[in-house]
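One file, structure.txt, is given below (compact mmCIF, C-alpha atoms and all ligand atoms).
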```txt
# COMPACT_ATOMS: atom_id res chain seq x y z
CA MET A 18 299.73 166.01 30.52
CA GLU A 19 303.16 167.45 31.28
CA THR A 20 303.56 171.19 30.95
CA PRO A 21 305.30 171.83 27.63
CA GLY A 22 308.56 173.76 27.53
CA GLN A 23 309.17 176.95 25.57
CA ASP A 24 311.04 175.29 22.73
CA ILE A 25 308.37 174.68 20.12
CA ALA A 26 310.62 172.54 17.93
CA ALA A 27 311.40 170.30 20.92
CA ASN A 28 307.72 170.10 21.89
CA LEU A 29 306.80 169.13 18.33
CA GLU A 30 309.45 166.45 18.26
CA SER A 31 308.22 165.04 21.54
CA VAL A 32 304.59 164.95 20.35
CA ARG A 33 305.64 163.33 17.07
CA GLN A 34 307.58 160.65 18.92
CA LYS A 35 304.69 159.90 21.27
CA LEU A 36 302.31 159.73 18.33
CA ALA A 37 304.58 157.36 16.44
CA ALA A 38 305.01 155.16 19.53
CA ALA A 39 301.25 155.04 20.17
CA THR A 40 300.39 154.08 16.58
CA ALA A 41 303.16 151.44 16.52
CA ALA A 42 302.01 149.99 19.86
CA ALA A 43 298.50 149.66 18.42
CA GLY A 44 299.88 147.75 15.44
CA ARG A 45 299.00 150.52 13.03
CA PRO A 46 301.25 151.51 10.11
CA GLN A 47 303.72 154.33 10.59
CA GLY A 48 302.37 157.75 9.61
CA CYS A 49 298.72 156.71 9.57
CA ALA A 50 297.86 159.29 12.23
CA GLN A 51 298.77 162.79 11.10
CA LEU A 52 299.51 165.63 13.48
CA VAL A 53 297.40 168.77 13.17
CA ALA A 54 299.16 171.53 15.13
CA VAL A 55 296.39 173.65 16.64
CA SER A 56 297.58 177.25 16.39
CA LYS A 57 294.41 179.07 17.47
CA GLY A 58 295.15 181.91 19.86
CA GLN A 59 298.86 181.79 18.99
CA GLU A 60 300.90 184.60 17.49
CA ALA A 61 302.43 184.26 14.04
CA SER A 62 305.89 184.22 15.63
CA MET A 63 305.02 180.99 17.44
CA ILE A 64 303.57 179.44 14.30
CA ARG A 65 306.73 180.33 12.37
CA GLN A 66 308.78 178.28 14.82
CA ALA A 67 306.60 175.26 14.07
CA LEU A 68 306.92 175.89 10.33
CA ASP A 69 310.68 176.14 10.68
CA ALA A 70 310.62 172.79 12.49
CA GLY A 71 308.91 171.25 9.48
CA GLN A 72 305.28 171.18 10.63
CA ARG A 73 302.88 171.83 7.74
CA ILE A 74 299.40 170.84 8.96
CA PHE A 75 297.70 173.39 11.20
CA GLY A 76 294.28 173.80 12.81
CA GLU A 77 292.43 177.01 13.59
CA ASN A 78 288.99 177.48 15.12
CA ARG A 79 288.04 180.93 13.87
CA VAL A 80 287.74 182.12 10.30
CA GLN A 81 288.48 185.76 11.10
CA GLU A 82 291.56 185.05 13.19
CA SER A 83 292.84 182.77 10.41
CA GLN A 84 292.30 185.44 7.76
CA ALA A 85 294.47 187.77 9.80
CA LYS A 86 297.32 185.30 10.31
CA TRP A 87 297.59 182.82 7.46
CA PRO A 88 297.86 184.63 4.12
CA GLU A 89 301.18 186.12 5.23
CA LEU A 90 302.50 182.80 6.60
CA ARG A 91 301.38 181.00 3.46
CA SER A 92 303.21 183.45 1.23
CA ARG A 93 306.47 182.43 2.93
CA HIS A 94 306.10 178.65 3.32
CA ASP A 95 305.11 175.98 0.83
CA GLY A 96 302.91 173.01 1.47
CA ILE A 97 300.77 174.38 4.28
CA GLU A 98 297.54 172.52 4.93
CA LEU A 99 295.02 174.46 7.01
CA HIS A 100 292.16 172.80 8.91
CA LEU A 101 289.09 174.55 10.30
CA ILE A 102 288.30 172.85 13.60
CA GLY A 103 285.81 175.35 15.06
CA PRO A 104 282.13 175.98 14.32
CA LEU A 105 281.39 177.45 10.89
CA GLN A 106 278.58 179.96 10.38
CA THR A 107 276.94 179.86 6.98
CA ASN A 108 277.75 183.52 6.33
CA LYS A 109 281.47 182.68 6.68
CA VAL A 110 281.46 179.74 4.26
CA ARG A 111 282.87 181.66 1.31
CA ASP A 112 285.73 183.04 3.38
CA ALA A 113 286.37 179.60 4.83
CA LEU A 114 286.56 178.01 1.39
CA ALA A 115 289.11 180.57 0.29
CA LEU A 116 291.37 179.76 3.24
CA PHE A 117 290.95 176.19 4.48
CA ASP A 118 292.02 172.93 2.85
CA VAL A 119 290.04 170.84 5.30
CA ILE A 120 286.81 171.70 7.11
CA GLU A 121 286.30 169.38 10.07
CA THR A 122 283.10 170.84 11.46
CA LEU A 123 280.27 170.11 9.07
CA ASP A 124 277.43 169.42 11.49
CA ARG A 125 274.05 170.46 10.12
CA PRO A 126 271.92 170.34 6.96
CA LYS A 127 271.94 174.09 6.35
CA LEU A 128 275.74 174.16 6.43
CA ALA A 129 275.91 171.17 4.08
CA ARG A 130 273.67 172.96 1.57
CA THR A 131 275.59 176.24 1.83
CA LEU A 132 278.92 174.43 1.45
CA ALA A 133 277.70 172.49 -1.56
CA SER A 134 276.58 175.59 -3.43
CA ALA A 135 279.69 177.58 -2.47
CA ILE A 136 281.93 174.72 -3.60
CA GLU A 137 280.14 174.61 -6.91
CA LYS A 138 280.51 178.37 -7.41
CA SER A 139 284.13 178.64 -6.30
CA GLY A 140 285.44 175.41 -7.77
CA ARG A 141 287.33 174.87 -4.51
CA ALA A 142 286.54 171.61 -2.75
CA PRO A 143 287.97 171.26 0.75
CA ARG A 144 288.27 167.85 2.39
CA LEU A 145 285.31 167.50 4.73
CA PHE A 146 284.73 165.86 8.13
CA VAL A 147 281.41 165.70 9.94
CA GLN A 148 281.60 166.69 13.60
CA VAL A 149 279.68 164.36 15.88
CA ASN A 150 278.54 165.45 19.33
CA THR A 151 279.31 162.10 20.95
CA GLY A 152 278.78 163.53 24.43
CA ARG A 153 275.38 164.99 23.49
CA GLU A 154 276.31 168.26 25.14
CA ASP A 155 273.74 171.01 24.56
CA GLN A 156 276.33 173.76 24.25
CA LYS A 157 278.62 171.87 21.90
CA ALA A 158 278.61 171.82 18.11
CA GLY A 159 278.27 168.56 16.21
CA VAL A 160 275.47 166.41 14.90
CA ALA A 161 273.82 164.04 17.40
CA PRO A 162 274.92 160.43 16.77
CA GLU A 163 271.36 159.39 15.86
CA ASP A 164 271.15 162.17 13.26
CA LEU A 165 274.45 161.33 11.56
CA GLY A 166 272.93 158.94 9.03
CA GLY A 167 270.45 161.58 7.88
CA LEU A 168 273.09 164.27 7.56
CA LEU A 169 275.42 161.96 5.62
CA GLY A 170 272.55 160.98 3.34
CA LEU A 171 271.90 164.61 2.53
CA ALA A 172 275.56 165.57 2.18
CA ARG A 173 276.76 162.58 0.17
CA ASP A 174 273.77 161.32 -1.78
CA GLU A 175 271.74 164.46 -2.35
CA LEU A 176 274.39 167.18 -2.48
CA GLY A 177 277.27 165.08 -3.81
CA LEU A 178 279.73 166.21 -1.16
CA GLN A 179 282.70 163.96 -0.53
CA ILE A 180 283.02 163.26 3.17
CA GLU A 181 286.38 161.97 4.36
CA GLY A 182 285.53 161.15 7.94
CA LEU A 183 284.22 162.09 11.36
CA MET A 184 285.50 164.40 14.06
CA CYS A 185 284.69 164.62 17.77
CA LEU A 186 285.54 166.66 20.83
CA PRO A 187 284.59 164.60 23.92
CA PRO A 188 283.21 166.34 27.02
CA PHE A 189 286.01 167.91 29.02
CA ASP A 190 285.39 165.89 32.17
CA ALA A 191 284.66 162.53 30.52
CA ASP A 192 286.89 159.52 29.89
CA PRO A 193 287.59 160.05 26.17
CA GLY A 194 288.10 156.35 25.34
CA PRO A 195 284.42 155.44 24.89
CA HIS A 196 283.93 158.56 22.74
CA PHE A 197 286.80 157.62 20.45
CA GLN A 198 285.44 154.09 20.16
CA GLN A 199 281.96 155.37 19.42
CA LEU A 200 283.29 157.65 16.68
CA ALA A 201 285.33 154.82 15.16
CA GLY A 202 282.24 152.60 15.19
CA LEU A 203 280.12 155.25 13.49
CA ALA A 204 282.77 155.76 10.81
CA ARG A 205 282.91 152.01 10.12
CA GLN A 206 279.15 151.82 9.97
CA HIS A 207 279.04 154.59 7.35
CA GLY A 208 282.05 153.52 5.33
CA LEU A 209 284.25 156.47 6.29
CA MET A 210 288.03 156.17 6.64
CA GLY A 211 288.95 159.44 8.37
CA LEU A 212 288.84 159.95 12.13
CA SER A 213 289.83 163.29 13.65
CA MET A 214 290.09 162.82 17.40
CA GLY A 215 292.44 163.42 20.30
CA MET A 216 293.99 166.60 21.70
CA SER A 217 297.03 167.37 23.89
CA ARG A 218 295.85 165.30 26.82
CA ASP A 219 294.61 162.24 24.96
CA PHE A 220 296.11 162.06 21.45
CA GLU A 221 297.95 158.82 22.21
CA LEU A 222 294.71 157.13 23.25
CA ALA A 223 293.04 158.49 20.10
CA ALA A 224 295.86 157.13 17.96
CA ALA A 225 295.45 153.73 19.61
CA ASN A 226 291.75 153.89 18.71
CA GLY A 227 292.29 154.56 15.02
CA ALA A 228 292.66 158.35 14.68
CA SER A 229 293.80 159.49 11.23
CA LEU A 230 294.22 163.05 12.52
CA VAL A 231 295.06 164.21 16.03
CA ARG A 232 294.64 167.90 16.91
CA VAL A 233 297.27 169.08 19.36
CA GLY A 234 297.69 172.67 20.53
CA THR A 235 298.89 173.21 24.09
CA ALA A 236 301.45 170.40 24.07
CA ILE A 237 303.17 172.10 21.13
CA PHE A 238 302.68 175.83 21.68
CA GLY A 239 302.01 176.06 25.42
CA PRO A 240 298.98 177.79 26.93
CA ARG A 241 297.06 180.27 24.77
CA SER A 242 295.35 183.51 25.63
CA GLN A 243 291.89 182.30 24.78
CA PRO A 244 289.14 180.33 26.55
CA PRO A 245 289.09 176.53 26.09
CA PRO A 246 287.21 174.99 23.14
CA ARG A 247 283.49 174.44 23.31
C1 LIG B 1 291.73 173.85 20.85
C2 LIG B 1 291.30 172.61 20.19
C3 LIG B 1 292.14 171.50 20.16
C4 LIG B 1 293.52 171.45 20.81
O1 LIG B 1 293.42 171.44 22.20
P1 LIG B 1 294.75 171.31 23.10
O2 LIG B 1 294.23 170.84 24.41
O3 LIG B 1 295.35 172.66 23.17
O4 LIG B 1 295.62 170.34 22.45
C5 LIG B 1 291.69 170.38 19.47
N1 LIG B 1 290.50 170.35 18.87
C6 LIG B 1 289.66 171.40 18.88
C7 LIG B 1 288.35 171.30 18.18
C8 LIG B 1 290.03 172.56 19.54
O5 LIG B 1 289.19 173.60 19.54
```

Would you mind writing the file's structure down as structure tokens?
Amino acid sequence: METPGQDIAANLESVRQKLAAATAAAGRPQGCAQLVAVSKGQEASMIRQALDAGQRIFGENRVQESQAKWPELRSRHDGIELHLIGPLQTNKVRDALALFDVIETLDRPKLARTLASAIEKSGRAPRLFVQVNTGREDQKAGVAPEDLGGLLGLARDELGLQIEGLMCLPPFDADPGPHFQQLAGLARQHGLMGLSMGMSRDFELAAANGASLVRVGTAIFGPRSQPPPR
């Protein structure tokens, strides 16, 4: 990955062009892979530059940090769509529902149950993705591939949750291609259309492999003052 410049609007434009080129080269329709600008660890002033450049879909990995930043930004800009892309603790579910339009990190039965009851109480239903731990890393969130069927059965059939797709975060040192292909295969197998995969260093490859969402932070905003994702 090239080091991004300081001009966030220019970085965004460059990422959008690369994304469009990668989807076109794969023979996919224009606009089928949407760009989630990952703004975790970034100041509101940086996010405002992306908003001014027309970006409306953003990803954050912490509920508390998002509560501090987004209500103010939302009050000034229409059409914002906020994605939670980090682990969700059950005691934060109510706060998450109040803030996020999309929750990409459903990964365990207890969270599915808590989400289902909170959705019923609040009347707010976010779009949901199940995070799959394709690399089977002990320290990483996500349901193991062999447990996905069981979790989907609970979430969809028993709890009535609508699941849009699957999300993955391949191991940092692995070739991401096989992980993207595995996630696409699992989605097909379970009749899911959505695929959230690909970050700054590999979003073009993810788009070529069928991503419906790519999550790009550093290539848009530059480095952040926060440790890398787990
Ligand atoms: C931080 C993060 C990203 C973006 O990573 P970059 O390398 O900055 O593009 C994508 N997905 C998840 C889950 C993340 O935590």

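Among A:Gly44, A:Gly159, A:Gly166, A:Gly58, the residue with the shortest atom-to-atom distance to Pro187 (chain A), counting all atoms listed in the file, is A:Gly159.
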
Exercise for the section: Would you kindly return, as a list in words, each protein, DNA or RNA residue with an atom no farther than 8 Å from any atom of Ala61 (chain A), considering only C-alpha atoms and excluding same-chain residues fewer than 2 positions away? Expected result: Gln59, Met63, Ile64, Arg65, Lys86 and Leu90 of chain A

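Here CA of Pro126 (chain A) and CA of Leu178 (chain A) stand 12.0 Å from one another.
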
Exercise for the section: Using only C-alpha atoms and all ligand atoms, find each residue with an atom at most 10 Å away from ligand LIG 1 (chain B) and format the answer as a PyMOL selection string. Expected result: chain A and resi 18+53-58+76-79+101-104+121-122+148+158+184-187+189+213-220+231-241+243-247

Exercise for the section: Might you pull out every residue within 10 Å of Ala172 (chain A), with only C-alpha atoms counted and same-chain residues fewer than 3 positions away left off, and present them as a list in words? Expected result: Leu123, Arg125, Pro126, Leu128, Ala129, Arg130, Leu132, Ala133, Val147, Gly166, Gly167, Leu168, Leu169, Glu175, Leu176, Gly177, Leu178, Gln179 and Ile180 of chain A

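The gap separating CA of Gln34 (chain A) from CA of His100 (chain A) is 22.0 Å, in Å to one decimal.
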
Practice task
Would you list the contacts of Gln206 (chain A) as number ranges by chain, taking every protein, DNA or RNA residue within 12 Å and counting all atoms listed in the file, but skipping same-chain residues closer than 5 positions in sequence?
Solution key: A: 162, 165-166, 169, 182-183, 199-201

Would you write out those residues with C-alpha atoms, as a PDB file, in the coordinates of the input?
```pdb
ATOM      1  CA  PRO A 162     274.920 160.430  16.770  1.00  0.00           C
ATOM      2  CA  LEU A 165     274.450 161.330  11.560  1.00  0.00           C
ATOM      3  CA  GLY A 166     272.930 158.940   9.030  1.00  0.00           C
ATOM      4  CA  LEU A 169     275.420 161.960   5.620  1.00  0.00           C
ATOM      5  CA  GLY A 182     285.530 161.150   7.940  1.00  0.00           C
ATOM      6  CA  LEU A 183     284.220 162.090  11.360  1.00  0.00           C
ATOM      7  CA  GLN A 199     281.960 155.370  19.420  1.00  0.00           C
ATOM      8  CA  LEU A 200     283.290 157.650  16.680  1.00  0.00           C
ATOM      9  CA  ALA A 201     285.330 154.820  15.160  1.00  0.00           C
TER      10      ALA A 201
END
```

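The interatomic distance for the pair CA of Asp174 (chain A) and CA of Gly152 (chain A) works out to 26.8 Å.
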
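Near (277.4, 178.5, -2.1), the residues that fall inside 12 Å on the basis of only C-alpha atoms are Thr107, Asn108, Lys109, Val110, Arg111, Asp112, Ala113, Leu114, Lys127, Leu128, Ala129, Arg130, Thr131, Leu132, Ala133, Ser134, Ala135, Ile136, Glu137, Lys138, Ser139, Gly140, Arg141, Ala142 and Leu176 of chain A.
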
Can you tell me which residues surround Gly194 (chain A) at a distance of at most 9 Å, considering all atoms listed in the file, apart from same-chain residues fewer than 2 positions away, and format the answer as a PDB file with C-alpha atoms, keeping the file's coordinate frame?
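File selection-v1.pdb, as written:
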```pdb
ATOM      1  CA  ALA A 191     284.660 162.530  30.520  1.00  0.00           C
ATOM      2  CA  ASP A 192     286.890 159.520  29.890  1.00  0.00           C
ATOM      3  CA  HIS A 196     283.930 158.560  22.740  1.00  0.00           C
ATOM      4  CA  PHE A 197     286.800 157.620  20.450  1.00  0.00           C
ATOM      5  CA  GLN A 198     285.440 154.090  20.160  1.00  0.00           C
ATOM      6  CA  GLN A 199     281.960 155.370  19.420  1.00  0.00           C
ATOM      7  CA  ASP A 219     294.610 162.240  24.960  1.00  0.00           C
ATOM      8  CA  LEU A 222     294.710 157.130  23.250  1.00  0.00           C
ATOM      9  CA  ALA A 223     293.040 158.490  20.100  1.00  0.00           C
ATOM     10  CA  ASN A 226     291.750 153.890  18.710  1.00  0.00           C
TER      11      ASN A 226
END
```

Got a minute to add all heavy atoms to region 123-134 of chain A and dump it as an mmCIF file, in the coordinates of the input?
```
data_model
loop_
_atom_site.group_PDB
_atom_site.id
_atom_site.type_symbol
_atom_site.label_atom_id
_atom_site.label_comp_id
_atom_site.auth_asym_id
_atom_site.auth_seq_id
_atom_site.Cartn_x
_atom_site.Cartn_y
_atom_site.Cartn_z
ATOM 1 N N LEU A 123 281.586 170.201 9.688
ATOM 2 C CA LEU A 123 280.270 170.110 9.070
ATOM 3 C C LEU A 123 279.349 169.394 10.061
ATOM 4 O O LEU A 123 279.654 168.284 10.507
ATOM 5 C CB LEU A 123 280.370 169.340 7.753
ATOM 6 C CG LEU A 123 279.057 168.950 7.061
ATOM 7 C CD1 LEU A 123 278.164 170.152 6.827
ATOM 8 C CD2 LEU A 123 279.337 168.243 5.750
ATOM 9 N N ASP A 124 278.251 170.038 10.441
ATOM 10 C CA ASP A 124 277.430 169.420 11.490
ATOM 11 C C ASP A 124 275.927 169.651 11.350
ATOM 12 O O ASP A 124 275.174 169.320 12.268
ATOM 13 C CB ASP A 124 277.892 169.904 12.879
ATOM 14 C CG ASP A 124 277.653 171.391 13.093
ATOM 15 O OD1 ASP A 124 277.291 172.085 12.120
ATOM 16 O OD2 ASP A 124 277.830 171.854 14.230
ATOM 17 N N ARG A 125 275.491 170.246 10.233
ATOM 18 C CA ARG A 125 274.050 170.460 10.120
ATOM 19 C C ARG A 125 273.648 170.618 8.657
ATOM 20 O O ARG A 125 274.472 171.022 7.817
ATOM 21 C CB ARG A 125 273.606 171.674 10.946
ATOM 22 C CG ARG A 125 274.313 172.946 10.569
ATOM 23 C CD ARG A 125 274.175 174.012 11.664
ATOM 24 N NE ARG A 125 274.622 175.312 11.178
ATOM 25 C CZ ARG A 125 275.895 175.686 11.110
ATOM 26 N NH1 ARG A 125 276.857 174.876 11.497
ATOM 27 N NH2 ARG A 125 276.215 176.881 10.638
ATOM 28 N N PRO A 126 272.382 170.317 8.349
ATOM 29 C CA PRO A 126 271.920 170.340 6.960
ATOM 30 C C PRO A 126 272.125 171.690 6.273
ATOM 31 O O PRO A 126 272.596 171.738 5.133
ATOM 32 C CB PRO A 126 270.432 170.007 7.086
ATOM 33 C CG PRO A 126 270.324 169.199 8.332
ATOM 34 C CD PRO A 126 271.357 169.760 9.268
ATOM 35 N N LYS A 127 271.821 172.780 6.984
ATOM 36 C CA LYS A 127 271.940 174.090 6.350
ATOM 37 C C LYS A 127 273.382 174.371 5.921
ATOM 38 O O LYS A 127 273.648 174.925 4.845
ATOM 39 C CB LYS A 127 271.448 175.181 7.304
ATOM 40 C CG LYS A 127 271.417 176.553 6.677
ATOM 41 C CD LYS A 127 270.899 177.608 7.642
ATOM 42 C CE LYS A 127 270.959 178.986 7.003
ATOM 43 N NZ LYS A 127 270.999 180.056 8.017
ATOM 44 N N LEU A 128 274.327 173.962 6.767
ATOM 45 C CA LEU A 128 275.740 174.160 6.430
ATOM 46 C C LEU A 128 276.140 173.278 5.246
ATOM 47 O O LEU A 128 276.907 173.705 4.370
ATOM 48 C CB LEU A 128 276.612 173.882 7.659
ATOM 49 C CG LEU A 128 278.118 174.062 7.483
ATOM 50 C CD1 LEU A 128 278.467 175.465 6.995
ATOM 51 C CD2 LEU A 128 278.851 173.768 8.803
ATOM 52 N N ALA A 129 275.613 172.068 5.208
ATOM 53 C CA ALA A 129 275.910 171.170 4.080
ATOM 54 C C ALA A 129 275.436 171.800 2.772
ATOM 55 O O ALA A 129 276.158 171.797 1.762
ATOM 56 C CB ALA A 129 275.260 169.809 4.297
ATOM 57 N N ARG A 130 274.220 172.341 2.789
ATOM 58 C CA ARG A 130 273.670 172.960 1.570
ATOM 59 C C ARG A 130 274.492 174.177 1.166
ATOM 60 O O ARG A 130 274.799 174.381 -0.018
ATOM 61 C CB ARG A 130 272.219 173.388 1.799
ATOM 62 C CG ARG A 130 271.272 172.220 1.991
ATOM 63 C CD ARG A 130 269.821 172.719 2.082
ATOM 64 N NE ARG A 130 268.939 171.707 2.651
ATOM 65 C CZ ARG A 130 268.478 170.656 1.982
ATOM 66 N NH1 ARG A 130 268.779 170.511 0.708
ATOM 67 N NH2 ARG A 130 267.700 169.767 2.583
ATOM 68 N N THR A 131 274.826 175.023 2.138
ATOM 69 C CA THR A 131 275.590 176.240 1.830
ATOM 70 C C THR A 131 276.978 175.870 1.300
ATOM 71 O O THR A 131 277.471 176.474 0.336
ATOM 72 C CB THR A 131 275.717 177.123 3.085
ATOM 73 O OG1 THR A 131 274.406 177.340 3.625
ATOM 74 C CG2 THR A 131 276.350 178.458 2.758
ATOM 75 N N LEU A 132 277.608 174.870 1.923
ATOM 76 C CA LEU A 132 278.920 174.430 1.450
ATOM 77 C C LEU A 132 278.836 173.897 0.017
ATOM 78 O O LEU A 132 279.672 174.237 -0.828
ATOM 79 C CB LEU A 132 279.456 173.314 2.349
ATOM 80 C CG LEU A 132 280.263 173.733 3.573
ATOM 81 C CD1 LEU A 132 280.465 172.544 4.506
ATOM 82 C CD2 LEU A 132 281.609 174.322 3.159
ATOM 83 N N ALA A 133 277.814 173.091 -0.231
ATOM 84 C CA ALA A 133 277.700 172.490 -1.560
ATOM 85 C C ALA A 133 277.573 173.567 -2.632
ATOM 86 O O ALA A 133 278.232 173.506 -3.680
ATOM 87 C CB ALA A 133 276.515 171.530 -1.615
ATOM 88 N N SER A 134 276.751 174.576 -2.383
ATOM 89 C CA SER A 134 276.580 175.590 -3.430
ATOM 90 C C SER A 134 277.820 176.481 -3.538
ATOM 91 O O SER A 134 278.212 176.882 -4.634
ATOM 92 C CB SER A 134 275.289 176.391 -3.229
ATOM 93 O OG SER A 134 275.461 177.373 -2.262
#
```
